[in-house]
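Engineer: Contents are PDB, C-alpha atoms, pLDDT in the B column; file name input_13.pdb:
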ATOM      1  CA  MET A   1       5.552   8.627   5.748  1.00 79.00           C
ATOM      2  CA  PHE A   2       5.556   6.191   2.832  1.00 86.00           C
ATOM      3  CA  ALA A   3       5.016   3.450   5.409  1.00 90.00           C
ATOM      4  CA  ALA A   4       1.892   5.205   6.736  1.00 90.00           C
ATOM      5  CA  ALA A   5       0.420   5.567   3.248  1.00 90.00           C
ATOM      6  CA  THR A   6       1.262   1.926   2.488  1.00 92.00           C
ATOM      7  CA  ALA A   7      -0.438   0.767   5.692  1.00 93.00           C
ATOM      8  CA  ALA A   8      -3.551   2.801   4.867  1.00 93.00           C
ATOM      9  CA  LEU A   9      -3.647   1.303   1.366  1.00 93.00           C
ATOM     10  CA  LEU A  10      -3.295  -2.222   2.782  1.00 94.00           C
ATOM     11  CA  ALA A  11      -6.224  -1.606   5.151  1.00 94.00           C
ATOM     12  CA  THR A  12      -8.204  -0.277   2.164  1.00 93.00           C
ATOM     13  CA  LEU A  13      -7.421  -3.471   0.268  1.00 94.00           C
ATOM     14  CA  ALA A  14      -8.669  -5.593   3.179  1.00 94.00           C
ATOM     15  CA  LEU A  15     -11.990  -3.699   3.343  1.00 93.00           C
ATOM     16  CA  LEU A  16     -12.455  -3.915  -0.437  1.00 92.00           C
ATOM     17  CA  LEU A  17     -11.700  -7.625  -0.346  1.00 93.00           C
ATOM     18  CA  ALA A  18     -14.413  -8.073   2.291  1.00 93.00           C
ATOM     19  CA  ARG A  19     -16.892  -6.301  -0.021  1.00 91.00           C
ATOM     20  CA  ALA A  20     -15.799  -8.430  -2.976  1.00 91.00           C
ATOM     21  CA  VAL A  21     -16.394 -11.608  -0.985  1.00 92.00           C
ATOM     22  CA  MET A  22     -19.708 -10.461   0.579  1.00 88.00           C
ATOM     23  CA  GLY A  23     -21.153  -8.433  -2.312  1.00 76.00           C
ATOM     24  CA  PRO A  24     -24.742  -9.558  -2.915  1.00 84.00           C
ATOM     25  CA  THR A  25     -24.808  -8.868  -6.659  1.00 84.00           C
ATOM     26  CA  VAL A  26     -22.135  -9.552  -9.236  1.00 84.00           C
ATOM     27  CA  PHE A  27     -21.884  -5.795  -9.876  1.00 86.00           C
ATOM     28  CA  ASP A  28     -20.769  -5.202  -6.281  1.00 89.00           C
ATOM     29  CA  ARG A  29     -17.991  -7.702  -6.797  1.00 89.00           C
ATOM     30  CA  LEU A  30     -17.022  -6.073 -10.082  1.00 87.00           C
ATOM     31  CA  LEU A  31     -16.937  -2.612  -8.485  1.00 89.00           C
ATOM     32  CA  ALA A  32     -14.764  -3.948  -5.681  1.00 91.00           C
ATOM     33  CA  ALA A  33     -12.447  -5.657  -8.175  1.00 89.00           C
ATOM     34  CA  ASN A  34     -12.133  -2.436 -10.184  1.00 88.00           C
ATOM     35  CA  THR A  35     -11.290  -0.401  -7.078  1.00 91.00           C
ATOM     36  CA  ILE A  36      -8.859  -3.097  -5.897  1.00 92.00           C
ATOM     37  CA  GLY A  37      -7.078  -2.641  -9.230  1.00 90.00           C
ATOM     38  CA  THR A  38      -6.783   1.108  -8.657  1.00 90.00           C
ATOM     39  CA  VAL A  39      -5.537   0.613  -5.090  1.00 92.00           C
ATOM     40  CA  ALA A  40      -3.031  -1.992  -6.293  1.00 92.00           C
ATOM     41  CA  VAL A  41      -1.572   0.577  -8.686  1.00 92.00           C
ATOM     42  CA  LEU A  42      -1.260   3.108  -5.845  1.00 92.00           C
ATOM     43  CA  LEU A  43       0.215   0.443  -3.547  1.00 93.00           C
ATOM     44  CA  LEU A  44       2.854  -0.498  -6.128  1.00 92.00           C
ATOM     45  CA  SER A  45       3.839   3.174  -6.460  1.00 91.00           C
ATOM     46  CA  THR A  46       4.172   3.747  -2.711  1.00 92.00           C
ATOM     47  CA  VAL A  47       6.013   0.449  -2.133  1.00 92.00           C
ATOM     48  CA  GLY A  48       8.445   1.421  -4.878  1.00 91.00           C
ATOM     49  CA  PHE A  49       9.190   4.688  -3.076  1.00 90.00           C
ATOM     50  CA  LEU A  50       9.308   2.879   0.296  1.00 90.00           C
ATOM     51  CA  ALA A  51      11.973   0.482  -0.984  1.00 90.00           C
ATOM     52  CA  GLY A  52      13.867   3.294  -2.728  1.00 86.00           C
ATOM     53  CA  ARG A  53      13.278   1.715  -6.132  1.00 85.00           C
ATOM     54  CA  PRO A  54      10.930   3.945  -8.199  1.00 81.00           C
ATOM     55  CA  ASP A  55      11.321   1.482 -11.098  1.00 85.00           C
ATOM     56  CA  PHE A  56       8.222  -0.181  -9.661  1.00 88.00           C
ATOM     57  CA  LEU A  57       6.233   2.574 -11.410  1.00 90.00           C
ATOM     58  CA  ASP A  58       6.562   0.666 -14.688  1.00 91.00           C
ATOM     59  CA  LEU A  59       4.804  -2.281 -13.070  1.00 91.00           C
ATOM     60  CA  ALA A  60       2.131   0.110 -11.815  1.00 91.00           C
ATOM     61  CA  ILE A  61       1.508   1.385 -15.358  1.00 91.00           C
ATOM     62  CA  VAL A  62       1.129  -2.194 -16.641  1.00 92.00           C
ATOM     63  CA  TYR A  63      -1.295  -3.008 -13.814  1.00 90.00           C
ATOM     64  CA  GLY A  64      -3.368   0.042 -14.661  1.00 87.00           C
ATOM     65  CA  LEU A  65      -3.616  -0.930 -18.323  1.00 88.00           C
ATOM     66  CA  LEU A  66      -4.566  -4.530 -17.478  1.00 89.00           C
ATOM     67  CA  ASN A  67      -7.185  -3.293 -15.042  1.00 85.00           C
ATOM     68  CA  ILE A  68      -9.003  -1.282 -17.717  1.00 78.00           C
ATOM     69  CA  VAL A  69      -9.001  -4.107 -20.237  1.00 85.00           C
ATOM     70  CA  GLY A  70     -10.264  -6.610 -17.678  1.00 81.00           C
ATOM     71  CA  THR A  71     -13.101  -4.429 -16.409  1.00 74.00           C
ATOM     72  CA  ILE A  72     -14.323  -3.432 -19.863  1.00 76.00           C
ATOM     73  CA  ALA A  73     -14.187  -7.038 -21.074  1.00 80.00           C
ATOM     74  CA  VAL A  74     -16.245  -8.336 -18.148  1.00 76.00           C
ATOM     75  CA  LEU A  75     -18.782  -5.503 -18.510  1.00 72.00           C
ATOM     76  CA  LYS A  76     -19.160  -6.138 -22.221  1.00 76.00           C
ATOM     77  CA  PHE A  77     -19.769  -9.772 -21.445  1.00 75.00           C
ATOM     78  CA  PHE A  78     -22.484  -8.909 -18.951  1.00 71.00           C
ATOM     79  CA  ARG A  79     -24.247  -6.436 -21.234  1.00 70.00           C
ATOM     80  CA  HIS A  80     -24.172  -8.392 -24.458  1.00 70.00           C
ATOM     81  CA  GLY A  81     -23.798 -11.973 -23.260  1.00 65.00           C
ATOM     82  CA  SER A  82     -20.712 -12.482 -25.418  1.00 65.00           C
ATOM     83  CA  LEU A  83     -17.354 -10.854 -26.118  1.00 63.00           C
ATOM     84  CA  GLY A  84     -18.021  -9.798 -29.700  1.00 60.00           C
ATOM     85  CA  GLU A  85     -18.833 -11.040 -33.166  1.00 56.00           C
TER      86      GLU A  85
ATOM     87  CA  MET B   1      12.135  25.201   0.608  1.00 64.00           C
ATOM     88  CA  SER B   2      12.911  21.509   0.484  1.00 84.00           C
ATOM     89  CA  PHE B   3      11.550  21.085   4.001  1.00 86.00           C
ATOM     90  CA  ALA B   4       8.313  22.817   3.050  1.00 88.00           C
ATOM     91  CA  LEU B   5       7.975  20.498   0.054  1.00 88.00           C
ATOM     92  CA  ASP B   6       8.532  17.510   2.356  1.00 89.00           C
ATOM     93  CA  ILE B   7       5.806  18.706   4.723  1.00 91.00           C
ATOM     94  CA  LEU B   8       3.403  19.264   1.821  1.00 91.00           C
ATOM     95  CA  SER B   9       4.091  15.829   0.383  1.00 90.00           C
ATOM     96  CA  TRP B  10       3.598  14.176   3.789  1.00 92.00           C
ATOM     97  CA  ILE B  11       0.271  15.945   4.168  1.00 93.00           C
ATOM     98  CA  LEU B  12      -0.758  14.802   0.692  1.00 92.00           C
ATOM     99  CA  LEU B  13       0.283  11.193   1.338  1.00 92.00           C
ATOM    100  CA  LEU B  14      -1.550  11.037   4.666  1.00 93.00           C
ATOM    101  CA  ALA B  15      -4.660  12.692   3.202  1.00 93.00           C
ATOM    102  CA  GLY B  16      -4.599  10.277   0.266  1.00 92.00           C
ATOM    103  CA  GLY B  17      -4.383   7.283   2.575  1.00 92.00           C
ATOM    104  CA  ALA B  18      -7.243   8.658   4.667  1.00 93.00           C
ATOM    105  CA  PHE B  19      -9.426   9.250   1.586  1.00 93.00           C
ATOM    106  CA  CYS B  20      -8.753   5.708   0.313  1.00 92.00           C
ATOM    107  CA  LEU B  21      -9.678   4.302   3.704  1.00 93.00           C
ATOM    108  CA  VAL B  22     -12.877   6.366   3.926  1.00 93.00           C
ATOM    109  CA  GLY B  23     -13.916   5.289   0.433  1.00 92.00           C
ATOM    110  CA  ALA B  24     -13.385   1.616   1.267  1.00 92.00           C
ATOM    111  CA  LEU B  25     -15.287   2.041   4.528  1.00 92.00           C
ATOM    112  CA  GLY B  26     -18.162   3.577   2.561  1.00 92.00           C
ATOM    113  CA  MET B  27     -18.121   0.675   0.126  1.00 91.00           C
ATOM    114  CA  LEU B  28     -18.400  -1.710   3.039  1.00 90.00           C
ATOM    115  CA  ARG B  29     -21.156   0.165   4.903  1.00 90.00           C
ATOM    116  CA  MET B  30     -23.398   1.686   2.204  1.00 88.00           C
ATOM    117  CA  PRO B  31     -26.793   0.007   1.784  1.00 88.00           C
ATOM    118  CA  ASP B  32     -27.057  -0.691  -1.960  1.00 88.00           C
ATOM    119  CA  PHE B  33     -25.037  -0.884  -5.160  1.00 88.00           C
ATOM    120  CA  TYR B  34     -25.584   2.667  -6.437  1.00 89.00           C
ATOM    121  CA  THR B  35     -24.459   4.303  -3.188  1.00 90.00           C
ATOM    122  CA  ARG B  36     -21.422   2.012  -3.112  1.00 91.00           C
ATOM    123  CA  VAL B  37     -20.428   3.346  -6.522  1.00 91.00           C
ATOM    124  CA  HIS B  38     -20.537   6.831  -5.020  1.00 90.00           C
ATOM    125  CA  ALA B  39     -18.200   5.740  -2.193  1.00 90.00           C
ATOM    126  CA  ALA B  40     -15.799   4.025  -4.590  1.00 89.00           C
ATOM    127  CA  SER B  41     -15.317   7.229  -6.592  1.00 89.00           C
ATOM    128  CA  VAL B  42     -13.735   8.841  -3.495  1.00 88.00           C
ATOM    129  CA  THR B  43     -10.949   6.251  -3.559  1.00 88.00           C
ATOM    130  CA  ASP B  44     -10.579   6.407  -7.334  1.00 87.00           C
ATOM    131  CA  VAL B  45     -10.354  10.159  -7.831  1.00 88.00           C
ATOM    132  CA  VAL B  46      -9.334  12.004  -4.656  1.00 90.00           C
ATOM    133  CA  GLY B  47      -7.262   9.260  -3.044  1.00 90.00           C
ATOM    134  CA  SER B  48      -5.229   8.501  -6.146  1.00 91.00           C
ATOM    135  CA  LEU B  49      -4.684  12.203  -6.920  1.00 91.00           C
ATOM    136  CA  ALA B  50      -3.451  12.952  -3.389  1.00 93.00           C
ATOM    137  CA  ILE B  51      -1.133   9.945  -3.123  1.00 93.00           C
ATOM    138  CA  LEU B  52       0.381  10.339  -6.596  1.00 92.00           C
ATOM    139  CA  GLY B  53       0.768  14.085  -5.981  1.00 92.00           C
ATOM    140  CA  GLY B  54       2.599  13.422  -2.737  1.00 92.00           C
ATOM    141  CA  LEU B  55       4.930  10.968  -4.460  1.00 91.00           C
ATOM    142  CA  ALA B  56       5.558  13.433  -7.289  1.00 91.00           C
ATOM    143  CA  LEU B  57       6.564  16.129  -4.778  1.00 90.00           C
ATOM    144  CA  GLN B  58       9.122  13.684  -3.327  1.00 88.00           C
ATOM    145  CA  SER B  59      10.744  12.890  -6.671  1.00 85.00           C
ATOM    146  CA  GLY B  60      11.049  16.415  -8.103  1.00 81.00           C
ATOM    147  CA  ALA B  61      11.260  17.134 -11.840  1.00 82.00           C
ATOM    148  CA  SER B  62      12.430  13.832 -13.321  1.00 86.00           C
ATOM    149  CA  LEU B  63      11.345  10.805 -15.320  1.00 89.00           C
ATOM    150  CA  VAL B  64       9.701   9.389 -12.195  1.00 89.00           C
ATOM    151  CA  THR B  65       7.327  12.344 -12.050  1.00 91.00           C
ATOM    152  CA  ALA B  66       6.446  11.834 -15.708  1.00 91.00           C
ATOM    153  CA  LYS B  67       5.589   8.204 -14.986  1.00 90.00           C
ATOM    154  CA  LEU B  68       3.468   9.284 -12.015  1.00 91.00           C
ATOM    155  CA  ALA B  69       1.632  11.733 -14.277  1.00 91.00           C
ATOM    156  CA  ILE B  70       0.988   8.952 -16.793  1.00 91.00           C
ATOM    157  CA  ILE B  71      -0.425   6.702 -14.047  1.00 91.00           C
ATOM    158  CA  TRP B  72      -2.604   9.535 -12.779  1.00 91.00           C
ATOM    159  CA  LEU B  73      -3.984  10.264 -16.275  1.00 90.00           C
ATOM    160  CA  LEU B  74      -4.684   6.554 -16.738  1.00 88.00           C
ATOM    161  CA  ILE B  75      -6.672   6.327 -13.501  1.00 89.00           C
ATOM    162  CA  PHE B  76      -8.349   9.696 -13.934  1.00 88.00           C
ATOM    163  CA  PHE B  77      -9.787   8.967 -17.375  1.00 85.00           C
ATOM    164  CA  THR B  78     -10.517   5.247 -17.230  1.00 85.00           C
ATOM    165  CA  SER B  79     -11.901   4.791 -13.725  1.00 87.00           C
ATOM    166  CA  PRO B  80     -14.983   7.026 -14.219  1.00 86.00           C
ATOM    167  CA  ALA B  81     -15.566   5.412 -17.628  1.00 84.00           C
ATOM    168  CA  ALA B  82     -15.471   1.926 -16.113  1.00 84.00           C
ATOM    169  CA  THR B  83     -17.782   3.046 -13.303  1.00 87.00           C
ATOM    170  CA  HIS B  84     -20.219   4.530 -15.811  1.00 86.00           C
ATOM    171  CA  ALA B  85     -20.293   1.301 -17.813  1.00 83.00           C
ATOM    172  CA  LEU B  86     -20.752  -0.673 -14.612  1.00 85.00           C
ATOM    173  CA  VAL B  87     -23.765   1.366 -13.465  1.00 86.00           C
ATOM    174  CA  LYS B  88     -25.313   1.247 -16.928  1.00 84.00           C
ATOM    175  CA  ALA B  89     -24.945  -2.536 -17.031  1.00 82.00           C
ATOM    176  CA  ALA B  90     -26.495  -2.769 -13.562  1.00 84.00           C
ATOM    177  CA  LEU B  91     -29.425  -0.551 -14.650  1.00 83.00           C
ATOM    178  CA  GLU B  92     -30.081  -2.698 -17.701  1.00 80.00           C
ATOM    179  CA  ARG B  93     -29.965  -5.859 -15.626  1.00 79.00           C
ATOM    180  CA  GLY B  94     -32.520  -4.326 -13.222  1.00 77.00           C
ATOM    181  CA  VAL B  95     -30.564  -3.994  -9.964  1.00 77.00           C
ATOM    182  CA  ALA B  96     -32.924  -2.324  -7.461  1.00 78.00           C
ATOM    183  CA  PRO B  97     -31.813   0.547  -5.202  1.00 79.00           C
ATOM    184  CA  ALA B  98     -32.395   0.153  -1.451  1.00 77.00           C
ATOM    185  CA  GLY B  99     -35.989   0.955  -0.508  1.00 76.00           C
ATOM    186  CA  GLY B 100     -37.037   1.293  -4.153  1.00 73.00           C
ATOM    187  CA  GLU B 101     -38.136  -0.702  -7.136  1.00 73.00           C
ATOM    188  CA  ALA B 102     -36.006  -1.952  -9.975  1.00 69.00           C
ATOM    189  CA  PRO B 103     -35.893   0.638 -12.795  1.00 67.00           C
ATOM    190  CA  SER B 104     -38.261  -0.097 -15.671  1.00 65.00           C
ATOM    191  CA  LYS B 105     -36.801  -1.414 -18.903  1.00 56.00           C
ATOM    192  CA  ARG B 106     -36.640   1.148 -21.676  1.00 52.00           C
TER     193      ARG B 106
END
Any chance you could give the structure as structure tokens?
Structural biologist:
Amino acid sequence: MFAAATAALLATLALLLARAVMGPTVFDRLLAANTIGTVAVLLLSTVGFLAGRPDFLDLAIVYGLLNIVGTIAVLKFFRHGSLGE
Amino acid sequence: MSFALDILSWILLLAGGAFCLVGALGMLRMPDFYTRVHAASVTDVVGSLAILGGLALQSGASLVTAKLAIIWLLIFFTSPAATHALVKAALERGVAPAGGEAPSKR
């Protein structure tokens, strides 16, 4: 069953990647990148269970934290034109 | 009891995978940016909750479940905030919805 969930998440990643490549505006690409980050966290969790090594969850937590910082930084750049004072 | 938990967790995992797939399909097929945001929220909220819930049912009461809960809280609180900031930035930059005009600057 973990394999089925992993396969579904991989297909999701492929579709999101297509949107990130096609996306007409930069915001479409950003939305796709943000969702790819979320799906990567889920994929790491399921792969950890699939391999019988739930230690992968630590990596998933780190990916989640990096994802937030990256998205907020890029958005701040687009709204204000710079990353701060 | 354990078998019932297994069945429930399988259902949750399959449903989570299906929701993620449907959300990605919506992001690929929807006509403009604002509707794509709507499709992405399916993957972010329902898909992640179902998959992490299914994994938590497999691991029982342990440290692994606590880590899964932390990941879920992370996604649940930050993903809508990032989406909100994204849409607000798009509004201020004047991205037009399909079949409509770009919103006026305030």
Engineer: Give as a PyMOL selection string every residue of chain B that touches chain A within 8 Å, counting only C-alpha atoms.
Structural biologist: chain B and resi 10+13-14+16-18+20-21+24-25+27-28+33+36-37+40+43-44+48+51-52+55+64+67-68+70-71+74-75+78-79+82-83+85-86+89-90+92
Engineer: Grab the CA of Ala33 (chain A) to CA of Gln58 (chain B) distance for me, in Å with one decimal place.
Structural biologist: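 Atom-to-atom, CA of Ala33 (chain A) to CA of Gln58 (chain B), that is 29.4 Å.
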Engineer: I need every residue sitting at most 6 Å from the point (10.9, 15.9, -1.2) (coordinates as in the file, all atoms listed in the file considered), written as a PyMOL selection string.
Structural biologist: chain B and resi 5-6+57-58
Engineer: Output as JSON the centre and edge lengths (Å, one decimal) of the box along x, y and z of the file that holds every listed atom of region 55-60 of chain B after adding 8 Å on each side.
Structural biologist:
{"center_x": 8.0, "center_y": 13.7, "center_z": -5.7, "size_x": 22.1, "size_y": 21.4, "size_z": 20.8}
Engineer: Once the PyMOL selection byres ((chain B and resi 96) around 12) has been applied to the shown file, what residues remain in the selection, as a PyMOL selection string?
Structural biologist: (chain A and resi 24-25+27) or (chain B and resi 31-35+87+90-95+97-104)
Engineer: Just to confirm, what's the straight-line distance from CA of Phe19 (chain B) to CA of Leu63 (chain B) in Å (one decimal)?
Structural biologist: 26.8 Å
Engineer: What is the CA of Phe56 (chain A) to CA of Val21 (chain A) distance in Å?
Structural biologist: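 Between CA of Phe56 (chain A) and CA of Val21 (chain A) the gap works out to 28.5 Å.
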Engineer: So, counting all atoms listed in the file, which residue among B:Ser59, B:Ala66, B:Gly54, B:Phe76 is closest to Ser9 (chain B)?
Structural biologist: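 Between B:Ser59, B:Ala66, B:Gly54, B:Phe76, the residue approaching Ser9 (chain B) most closely is B:Gly54.
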